[in-house]
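Raw contents of work_28.cif, mmCIF, C-alpha atoms:
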data_structure
#
loop_
_atom_site.label_atom_id
_atom_site.label_comp_id
_atom_site.auth_asym_id
_atom_site.auth_seq_id
_atom_site.Cartn_x
_atom_site.Cartn_y
_atom_site.Cartn_z
CA MET A 235 -19.56 -16.93 -7.85
CA GLU A 236 -22.02 -16.85 -4.99
CA SER A 237 -20.50 -18.07 -1.72
CA ALA A 238 -21.94 -19.44 1.49
CA THR A 239 -21.22 -16.06 3.03
CA ASP A 240 -23.40 -14.25 0.54
CA ARG A 241 -26.13 -16.89 0.68
CA ALA A 242 -26.17 -16.39 4.45
CA SER A 243 -26.63 -12.66 3.91
CA GLY A 244 -30.06 -13.19 2.39
CA HIS A 245 -29.14 -11.45 -0.88
CA ASP A 246 -28.28 -13.20 -4.10
CA ALA A 247 -25.07 -12.22 -5.86
CA THR A 248 -26.78 -9.81 -8.26
CA GLU A 249 -28.57 -7.97 -5.46
CA THR A 250 -25.34 -7.76 -3.49
CA ASP A 251 -23.46 -6.40 -6.53
CA LEU A 252 -26.10 -3.72 -7.05
CA LEU A 253 -26.03 -2.73 -3.40
CA VAL A 254 -22.24 -2.57 -3.46
CA GLU A 255 -22.25 -0.37 -6.55
CA ARG A 256 -24.77 1.99 -4.95
CA ALA A 257 -22.81 2.04 -1.70
CA LYS A 258 -19.64 2.82 -3.61
CA ARG A 259 -21.47 5.90 -4.89
CA ARG A 260 -21.94 6.85 -1.19
CA ASP A 261 -25.54 5.65 -0.88
CA HIS A 262 -26.16 5.20 2.87
CA VAL A 263 -29.40 3.27 2.31
CA ALA A 264 -27.63 0.65 0.20
CA PHE A 265 -24.82 0.41 2.71
CA GLU A 266 -27.33 -0.09 5.54
CA ALA A 267 -28.80 -3.01 3.59
CA LEU A 268 -25.33 -4.53 3.33
CA TYR A 269 -24.78 -3.89 7.03
CA ARG A 270 -28.10 -5.58 7.92
CA ALA A 271 -27.07 -8.61 5.87
CA HIS A 272 -23.64 -9.03 7.44
CA TYR A 273 -23.53 -7.53 10.95
CA ARG A 274 -24.33 -10.79 12.76
CA ARG A 275 -21.30 -12.55 11.34
CA VAL A 276 -19.07 -9.58 12.08
CA TYR A 277 -20.42 -9.28 15.62
CA ALA A 278 -19.84 -12.98 16.34
CA LEU A 279 -16.22 -12.57 15.29
CA THR A 280 -15.61 -9.40 17.30
CA LEU A 281 -17.32 -10.97 20.32
CA ARG A 282 -15.05 -14.00 20.31
CA MET A 283 -11.90 -12.05 19.51
CA THR A 284 -12.47 -9.61 22.37
CA CYS A 285 -14.57 -11.64 24.87
CA ASP A 286 -16.11 -8.30 25.81
CA VAL A 287 -19.66 -7.39 24.76
CA SER A 288 -19.20 -3.62 24.84
CA ARG A 289 -15.89 -3.75 22.99
CA ALA A 290 -17.36 -6.15 20.43
CA GLU A 291 -20.20 -3.71 19.74
CA GLU A 292 -17.73 -0.84 19.27
CA LEU A 293 -15.52 -2.90 17.01
CA THR A 294 -18.46 -4.07 14.90
CA GLN A 295 -19.34 -0.43 14.29
CA GLU A 296 -15.72 0.37 13.53
CA VAL A 297 -15.51 -2.51 11.05
CA PHE A 298 -18.41 -1.14 9.04
CA VAL A 299 -17.09 2.43 9.12
CA ARG A 300 -13.74 1.17 7.84
CA ALA A 301 -15.53 -0.93 5.23
CA TRP A 302 -17.42 2.17 4.10
CA GLU A 303 -14.15 4.06 3.74
CA ALA A 304 -12.48 1.20 1.88
CA LEU A 305 -15.48 0.21 -0.26
CA PRO A 306 -14.46 2.24 -3.34
CA GLY A 307 -11.41 -0.04 -3.57
CA PHE A 308 -13.49 -3.21 -3.29
CA ARG A 309 -13.37 -5.20 -6.53
CA ALA A 310 -16.63 -6.59 -7.87
CA GLU A 311 -15.18 -10.02 -8.55
CA SER A 312 -14.34 -10.45 -4.86
CA ASN A 313 -16.79 -11.82 -2.33
CA LEU A 314 -18.20 -9.11 -0.10
CA GLY A 315 -18.71 -11.39 2.90
CA THR A 316 -15.14 -12.66 2.73
CA TRP A 317 -13.81 -9.13 2.27
CA LEU A 318 -15.82 -7.84 5.22
CA HIS A 319 -14.56 -10.71 7.33
CA THR A 320 -10.99 -9.78 6.48
CA VAL A 321 -11.65 -6.15 7.42
CA ALA A 322 -13.16 -7.39 10.69
CA VAL A 323 -10.21 -9.63 11.52
CA ARG A 324 -7.73 -6.82 10.85
CA THR A 325 -9.74 -4.37 12.91
CA CYS A 326 -9.89 -6.83 15.81
CA LEU A 327 -6.17 -7.58 15.64
CA ASN A 328 -5.26 -3.88 15.58
CA ALA A 329 -7.52 -3.28 18.57
CA SER A 330 -6.07 -6.31 20.32
CA ARG A 331 -2.54 -4.95 20.01
CA ALA A 332 -3.62 -1.64 21.55
CA THR A 333 -5.55 -3.44 24.30
CA ARG A 334 -2.59 -5.64 25.18
CA ARG A 335 -0.38 -2.58 25.56
CA ARG A 336 -2.99 -1.01 27.85
CA GLU A 337 -3.53 -4.21 29.85
CA ALA A 338 0.22 -4.61 30.28
CA ARG A 339 0.20 -1.25 32.04
CA PHE A 340 -2.92 -1.65 34.16
CA HIS A 341 -3.09 -5.43 34.66
CA ASN A 342 -6.77 -5.65 33.75
CA SER A 343 -8.33 -9.10 33.77
CA ARG A 344 -11.11 -10.24 31.51
CA ASP A 345 -14.55 -10.92 32.92
CA ILE A 346 -15.18 -14.49 31.78
CA ASP A 347 -18.56 -14.78 33.52
CA GLY A 348 -19.71 -11.54 31.89
CA TYR A 349 -18.56 -12.77 28.49
CA ALA A 350 -20.27 -16.16 28.93
CA PHE A 351 -23.52 -14.41 29.84
CA GLY A 352 -23.24 -12.07 26.86
CA ALA A 353 -22.34 -14.91 24.49
CA LYS A 354 -25.36 -16.95 25.58
CA ARG A 355 -27.66 -13.98 25.01
CA ALA A 356 -26.14 -13.21 21.62
CA MET A 357 -25.92 -16.86 20.54
CA PRO A 358 -28.56 -18.87 22.46
CA GLU A 359 -27.54 -22.11 20.74
CA THR A 360 -23.86 -21.83 21.61
CA ASN A 361 -21.91 -24.16 23.90
CA VAL A 362 -21.23 -22.01 26.96
CA ASP A 363 -18.56 -24.34 28.36
CA LEU A 364 -16.57 -24.00 25.15
CA GLU A 365 -17.09 -20.23 25.09
CA ARG A 366 -15.83 -19.97 28.67
CA ALA A 367 -12.80 -22.12 27.88
CA LEU A 368 -12.02 -19.92 24.86
CA ALA A 369 -12.40 -16.76 26.91
CA GLY A 370 -9.95 -18.06 29.49
CA LEU A 371 -7.12 -18.38 26.97
CA PRO A 372 -4.34 -15.80 26.67
CA PRO A 373 -5.34 -13.26 23.98
CA ARG A 374 -2.91 -14.31 21.22
CA THR A 375 -3.62 -18.01 21.85
CA ARG A 376 -7.35 -17.36 21.69
CA GLU A 377 -7.04 -15.40 18.46
CA VAL A 378 -5.28 -18.31 16.77
CA ALA A 379 -7.85 -20.82 18.07
CA VAL A 380 -10.81 -18.67 17.00
CA LEU A 381 -9.42 -18.04 13.52
CA PHE A 382 -8.34 -21.67 12.95
CA ASP A 383 -11.01 -23.75 14.65
CA ILE A 384 -14.10 -21.60 14.26
CA TYR A 385 -13.46 -19.62 11.09
CA GLY A 386 -11.32 -22.11 9.19
CA TYR A 387 -8.31 -19.95 8.42
CA ARG A 388 -5.09 -21.82 7.59
CA HIS A 389 -1.96 -21.42 9.68
CA GLN A 390 -0.26 -19.64 6.79
CA GLU A 391 -3.05 -17.04 6.67
CA ILE A 392 -3.14 -16.64 10.44
CA ALA A 393 0.63 -16.21 10.59
CA ARG A 394 0.48 -13.48 7.95
CA MET A 395 -2.36 -11.63 9.70
CA LEU A 396 -0.78 -11.83 13.13
CA GLY A 397 2.74 -11.13 11.92
CA ILE A 398 4.10 -14.36 13.38
CA ALA A 399 5.80 -17.47 12.01
CA GLU A 400 3.60 -20.31 10.77
CA GLY A 401 5.20 -22.59 13.36
CA THR A 402 4.27 -20.12 16.08
CA SER A 403 0.66 -20.24 14.95
CA LYS A 404 0.71 -24.04 15.20
CA ALA A 405 2.32 -23.87 18.62
CA GLN A 406 -0.32 -21.38 19.82
CA LEU A 407 -3.09 -23.66 18.58
CA HIS A 408 -1.53 -26.62 20.38
CA LYS A 409 -1.34 -24.54 23.54
CA ALA A 410 -4.96 -23.43 23.10
CA HIS A 411 -6.17 -27.01 22.81
CA ARG A 412 -4.14 -28.14 25.81
CA LEU A 413 -5.41 -25.30 28.01
CA MET A 414 -9.00 -25.73 26.86
CA ARG A 415 -8.95 -29.47 27.51
CA GLU A 416 -7.60 -28.80 30.98
CA THR A 417 -10.39 -26.30 31.57
CA LEU A 418 -13.01 -28.66 30.17
CA GLY A 419 -11.73 -31.59 32.21
CA GLY A 420 -10.70 -33.78 29.29
CA MET B 155 -18.59 -29.53 32.62
CA MET B 156 -17.91 -31.41 29.40
CA GLY B 157 -14.92 -33.67 28.95
CA ILE B 158 -13.04 -33.71 25.64
CA ASP B 159 -10.46 -36.42 25.11
CA ASN B 160 -8.49 -35.24 22.09
CA ASP B 161 -7.65 -32.23 19.94
CA ARG B 162 -9.65 -33.48 16.98
CA GLU B 163 -12.85 -33.72 19.00
CA LEU B 164 -12.18 -30.28 20.44
CA SER B 165 -11.61 -28.79 16.96
CA GLU B 166 -14.83 -30.35 15.71
CA GLN B 167 -16.83 -28.97 18.61
CA LEU B 168 -15.31 -25.51 18.14
CA GLY B 169 -16.10 -25.73 14.42
CA ARG B 170 -19.76 -26.28 15.27
CA LEU B 171 -20.05 -23.11 17.35
CA PRO B 172 -22.42 -20.53 15.82
CA ARG B 173 -20.85 -17.99 13.50
CA GLU B 174 -23.56 -15.41 13.86
CA ALA B 175 -24.53 -13.43 16.95
CA GLU B 176 -27.20 -10.87 17.64
CA PRO B 177 -26.07 -7.79 19.59
CA GLU B 178 -28.33 -6.57 22.37
CA ARG B 179 -28.79 -3.18 20.74
CA ASP B 180 -29.07 -1.85 17.23
CA LEU B 181 -25.54 -0.87 16.21
CA TRP B 182 -26.53 0.84 12.95
CA PRO B 183 -27.07 4.35 14.45
CA GLY B 184 -23.45 4.30 15.61
CA VAL B 185 -22.28 3.12 12.19
CA ALA B 186 -24.36 5.83 10.49
CA ALA B 187 -22.81 8.44 12.77
CA GLY B 188 -19.39 7.08 11.83
CA LEU B 189 -20.19 7.41 8.13
CA ARG B 190 -21.00 11.07 8.75
CA GLY B 191 -17.64 11.46 10.51
CA ASP B 192 -19.08 12.11 13.96
CA PRO B 193 -16.04 12.94 16.13
CA SER B 194 -17.77 11.78 19.33
CA LEU B 195 -17.26 8.16 18.31
CA GLY B 196 -14.46 6.32 20.03
CA PHE B 197 -12.82 4.88 16.94
CA ARG B 198 -10.43 6.71 14.69
CA SER B 199 -11.19 7.16 11.06
CA ARG B 200 -8.68 6.50 8.30
CA PRO B 201 -7.70 10.13 7.69
CA ARG B 202 -6.47 10.45 11.28
CA LEU B 203 -4.29 7.38 10.81
CA TRP B 204 -3.04 8.84 7.57
CA THR B 205 -2.06 12.22 9.01
CA PRO B 206 1.08 11.17 10.93
CA LEU B 207 2.27 9.20 7.92
CA VAL B 208 1.94 12.21 5.66
CA GLN B 209 3.70 14.34 8.25
CA ALA B 210 6.52 11.82 8.55
CA ALA B 211 6.91 11.58 4.77
CA ALA B 212 6.82 15.35 4.44
CA ALA B 213 9.44 15.66 7.17
CA ALA B 214 11.67 13.20 5.32
CA VAL B 215 11.34 15.19 2.08
CA VAL B 216 12.01 18.51 3.82
CA LEU B 217 15.04 17.07 5.58
CA PHE B 218 16.37 15.65 2.34
CA ALA B 219 15.78 18.84 0.39
CA THR B 220 17.30 21.00 3.13
CA GLY B 221 20.35 18.79 3.42
CA LEU B 222 20.76 18.68 -0.33
CA ALA B 223 20.49 22.45 -0.64
CA SER B 224 22.99 22.94 2.20
CA GLY B 225 25.42 20.53 0.60
CA LEU B 226 25.10 22.25 -2.77
CA ALA B 227 25.54 25.69 -1.19
CA ILE B 228 28.68 24.55 0.63
CA GLY B 229 30.00 22.90 -2.49
CA ALA B 230 29.26 25.95 -4.67
CA THR B 231 30.97 28.29 -2.18
CA ARG B 232 34.04 26.14 -1.91
CA ALA B 233 34.09 25.49 -5.64
CA GLY B 234 33.92 29.21 -6.33
CA GLY B 235 36.79 29.92 -3.93
CA GLU B 236 39.06 27.09 -4.99
CA PRO B 237 38.15 25.99 -8.50
CA GLY B 238 39.16 22.50 -9.40
CA SER B 239 40.80 21.61 -6.10
CA VAL B 240 40.59 18.06 -4.76
CA SER B 241 39.71 19.18 -1.21
CA THR B 242 36.59 21.00 -2.48
CA ALA B 243 35.32 17.91 -4.22
CA MET B 244 35.95 15.83 -1.11
CA GLU B 245 34.12 18.33 1.11
CA LEU B 246 31.19 18.35 -1.29
CA ALA B 247 31.13 14.55 -1.24
CA ALA B 248 31.23 14.62 2.59
CA ALA B 249 28.33 17.09 2.64
CA VAL B 250 26.30 14.84 0.36
CA GLN B 251 27.18 11.85 2.55
CA ARG B 252 26.00 13.70 5.68
CA THR B 253 22.76 14.60 3.93
CA GLY B 254 22.27 10.99 2.91
CA THR B 255 22.85 9.81 6.47
CA GLU B 256 20.27 12.25 7.79
CA TYR B 257 17.85 11.15 5.11
CA VAL B 258 18.28 7.49 6.00
CA ALA B 259 17.74 8.33 9.69
CA ALA B 260 14.52 10.15 8.80
CA LEU B 261 13.32 7.17 6.79
CA ALA B 262 14.15 4.86 9.71
CA ALA B 263 12.03 7.01 12.03
CA PHE B 264 9.27 6.94 9.44
CA ASN B 265 9.54 3.16 9.21
CA ALA B 266 9.25 2.85 12.99
CA ILE B 267 5.95 4.74 12.85
CA VAL B 268 4.73 2.59 10.00
CA ASP B 269 5.52 -0.64 11.89
CA SER B 270 3.14 0.34 14.67
CA LEU B 271 0.17 0.74 12.33
CA SER B 272 -2.27 -1.50 10.53
CA VAL B 273 -1.71 -3.23 7.20
CA ASP B 274 -3.88 -0.64 5.44
CA ALA B 275 -1.94 2.17 7.05
CA ARG B 276 1.34 0.56 6.02
CA VAL B 277 0.15 0.43 2.41
CA GLN B 278 -0.70 4.11 2.60
CA GLY B 279 2.63 4.81 4.27
CA ARG B 280 4.48 2.98 1.55
CA ASP B 281 2.70 5.06 -1.06
CA ALA B 282 3.64 8.20 0.85
CA ALA B 283 7.26 7.05 1.05
CA LEU B 284 7.25 6.37 -2.69
CA ALA B 285 5.88 9.84 -3.30
CA ALA B 286 8.64 11.26 -1.11
CA LEU B 287 11.31 9.32 -2.95
CA TYR B 288 9.82 10.34 -6.27
CA GLY B 289 10.13 14.00 -5.26
CA ALA B 290 13.67 13.47 -3.99
CA ALA B 291 14.69 11.69 -7.17
CA GLN B 292 13.35 14.59 -9.18
CA GLU B 293 15.72 16.83 -7.24
CA VAL B 294 18.56 14.45 -8.02
CA ALA B 295 17.66 14.40 -11.70
CA LEU B 296 17.78 18.20 -11.80
CA LEU B 297 21.43 18.07 -10.70
CA GLU B 298 22.51 16.40 -13.88
CA VAL B 299 20.16 16.57 -16.82
CA ALA B 300 22.29 14.17 -18.85
CA SER B 301 21.72 11.40 -16.30
CA ARG B 302 17.90 11.49 -16.43
CA ASP B 303 17.62 8.09 -18.05
CA GLN B 304 19.41 6.51 -15.11
CA VAL B 305 16.80 7.56 -12.55
CA GLU B 306 13.99 5.03 -12.15
CA LEU B 307 11.40 4.63 -9.42
CA PRO B 308 8.53 2.19 -8.94
CA VAL B 309 5.09 3.82 -8.73
CA GLY B 310 1.39 3.18 -8.44
CA SER B 311 0.66 -0.46 -7.60
CA GLU B 312 -0.51 -2.41 -4.55
CA ASP B 313 1.70 -5.37 -5.35
CA PRO B 314 5.46 -4.72 -5.16
CA GLU B 315 5.95 -7.58 -7.62
CA GLU B 316 3.95 -5.70 -10.22
CA LEU B 317 5.37 -2.23 -9.67
CA PRO B 318 6.02 -0.46 -12.94
CA THR B 319 8.91 2.01 -13.14
CA VAL B 320 8.91 5.57 -14.34
CA ARG B 321 11.80 7.33 -16.01
CA PHE B 322 12.34 11.03 -15.70
#

Would you give me this structure, written as structure tokens?
Amino acid sequence: MESATDRASGHDATETDLLVERAKRRDHVAFEALYRAHYRRVYALTLRMTCDVSRAEELTQEVFVRAWEALPGFRAESNLGTWLHTVAVRTCLNASRATRRREARFHNSRDIDGYAFGAKRAMPETNVDLERALAGLPPRTREVAVLFDIYGYRHQEIARMLGIAEGTSKAQLHKAHRLMRETLGG
Amino acid sequence: MMGIDNDRELSEQLGRLPREAEPERDLWPGVAAGLRGDPSLGFRSRPRLWTPLVQAAAAAVVLFATGLASGLAIGATRAGGEPGSVSTAMELAAAVQRTGTEYVAALAAFNAIVDSLSVDARVQGRDAALAALYGAAQEVALLEVASRDQVELPVGSEDPEELPTVRF
């Protein structure tokens, strides 16, 4: 079944299936076509999960390299866009764990102004106040808010991906909303 | 600055944020380099994640096999010197117990490594652990040919619920 994700890619389901089959046979040209159809969605996710333009670019590249490696195991009946999104979320969460360990040692702070500028350039139609409020959240709280509010994941799915209890996911979302409303002056 | 009065309104506004973004540079050349396995890229490829898992699994197998061989050698020596004595059987059992303890410790160390990795890496690690256990069980089966039918191990599936078993 063709999904919104695949319709957004600009390919119909048959074209996508053919490209996937060619890419599975290690055809770089076919894989580039799949990349061109999906990189914007992956980049938007990595940008919001990291709030760092450079890191988001690196992670977007990493997502597609990992997708290339895992593609032979991709099943035709699955939706490529959904599968890629899952690869992207996992890649971001793995990177986030490593980043948190590093930040815990060096006490780095995120550059919210830099992120807001980058987000506006990458997504001219976005709401910069909301993006700034998101960027100001603690990393785990932001991840839950991004996955739930923007990408529509359920708490059960978020809890499984983050390795936390479902109740913790709900509590993090509540905290995210409270902090964001404070930031936004609600 | 915008004011938002309740969580529902905030969720709705967040849900309307764009889900696509255009990077400032073309990222494909970096992806293409990654597909060719260019080592200058910052991210690690799957084989490098896989390597420590294989090493850990191999270490567990070697430790098990070494311990098992040592226990058998001790048991055979004692059995040859004092055939049929109770103390020999007890020492052999103690040697096997020590080997088992070392094996469990090795698996615990392996598990600690696995916990620090991604879901994909854990799946690979589990497969490696199954391969290790399969090899170990083969060693066990060789000890007593008559007990072959009692040795079963799950193999070859992503879903633990659907794991078939193999007899050997």

### Task
Using the chain letters and numbering of this document, enumerate as a PyMOL selection string the residues selected by the PyMOL selection byres ((chain B) within 6 of (chain A)).
chain B and resi 156-159+165+168-169+171+173-177+185+188-189

### Task
Would you work out the distance separating CA of Leu164 in chain B from CA of Thr284 in chain A, expressed in Å to one decimal?
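These atoms are spaced 20.8 Å apart.
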
### Task
Would you work out the distance separating CA of Trp317 in chain A from CA of Glu377 in chain A, expressed in Å to one decimal?
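It comes out at 18.6 Å.
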
### Message
Just the number, please: distance in Å from CA of Leu181 in chain B to CA of Asp261 in chain A, one decimal.
### Response
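Distance between the two atoms: 18.3 Å.
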
### Query
Looking at B:Thr253, B:Ala186, B:Asp161, B:Ala247, which one is nearest to Ala264 in chain A, with distances taken over all atoms listed in the file?
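The closest residue to Ala264 in chain A is B:Ala186.
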
### Query
With all atoms listed in the file as the basis for distance, which of A:Glu391, A:Lys409, A:Leu396, A:Met283 is at the shortest distance from Ala322 in chain A?
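Once distances to Ala322 in chain A are computed over all atoms listed in the file, the minimum belongs to A:Met283.
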
### Message
Since I can't run it myself right now, could you work out what the PyMOL selection byres ((chain A and resi 252) around 12) selects here and report it as a list in words?
### Response
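When the PyMOL selection byres ((chain A and resi 252) around 12) is applied to the shown file, the picked residues are His245, Asp246, Ala247, Thr248, Glu249, Thr250, Asp251, Leu253, Val254, Glu255, Arg256, Ala257, Lys258, Arg259, Asp261, Ala264, Phe265, Ala267, Leu268, Ala310 and Leu314 of chain A.
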
Once you have the residues from the selection above, write them out as a PDB file, in the coordinates of the input, restricted to C-alpha atoms.
ATOM      1  CA  HIS A 245     -29.140 -11.450  -0.880  1.00  0.00           C
ATOM      2  CA  ASP A 246     -28.280 -13.200  -4.100  1.00  0.00           C
ATOM      3  CA  ALA A 247     -25.070 -12.220  -5.860  1.00  0.00           C
ATOM      4  CA  THR A 248     -26.780  -9.810  -8.260  1.00  0.00           C
ATOM      5  CA  GLU A 249     -28.570  -7.970  -5.460  1.00  0.00           C
ATOM      6  CA  THR A 250     -25.340  -7.760  -3.490  1.00  0.00           C
ATOM      7  CA  ASP A 251     -23.460  -6.400  -6.530  1.00  0.00           C
ATOM      8  CA  LEU A 253     -26.030  -2.730  -3.400  1.00  0.00           C
ATOM      9  CA  VAL A 254     -22.240  -2.570  -3.460  1.00  0.00           C
ATOM     10  CA  GLU A 255     -22.250  -0.370  -6.550  1.00  0.00           C
ATOM     11  CA  ARG A 256     -24.770   1.990  -4.950  1.00  0.00           C
ATOM     12  CA  ALA A 257     -22.810   2.040  -1.700  1.00  0.00           C
ATOM     13  CA  LYS A 258     -19.640   2.820  -3.610  1.00  0.00           C
ATOM     14  CA  ARG A 259     -21.470   5.900  -4.890  1.00  0.00           C
ATOM     15  CA  ASP A 261     -25.540   5.650  -0.880  1.00  0.00           C
ATOM     16  CA  ALA A 264     -27.630   0.650   0.200  1.00  0.00           C
ATOM     17  CA  PHE A 265     -24.820   0.410   2.710  1.00  0.00           C
ATOM     18  CA  ALA A 267     -28.800  -3.010   3.590  1.00  0.00           C
ATOM     19  CA  LEU A 268     -25.330  -4.530   3.330  1.00  0.00           C
ATOM     20  CA  ALA A 310     -16.630  -6.590  -7.870  1.00  0.00           C
ATOM     21  CA  LEU A 314     -18.200  -9.110  -0.100  1.00  0.00           C
TER      22      LEU A 314
END

### Task
Can you give me, as a list of chain:residue names, the residues this file yields under the PyMOL selection byres ((chain A and resi 345) around 12)?
A:Thr284, A:Cys285, A:Asp286, A:Val287, A:Ser288, A:Asn342, A:Ser343, A:Arg344, A:Ile346, A:Asp347, A:Gly348, A:Tyr349, A:Ala350, A:Phe351, A:Gly352, A:Arg366, A:Ala369, A:Gly370

Exercise on range 409-414 of chain A, axis-aligned box with 3 Å per side, report centre and edge lengths in Å to one decimal, as JSON:
{"center_x": -5.2, "center_y": -25.8, "center_z": 25.4, "size_x": 13.7, "size_y": 10.7, "size_z": 11.2}
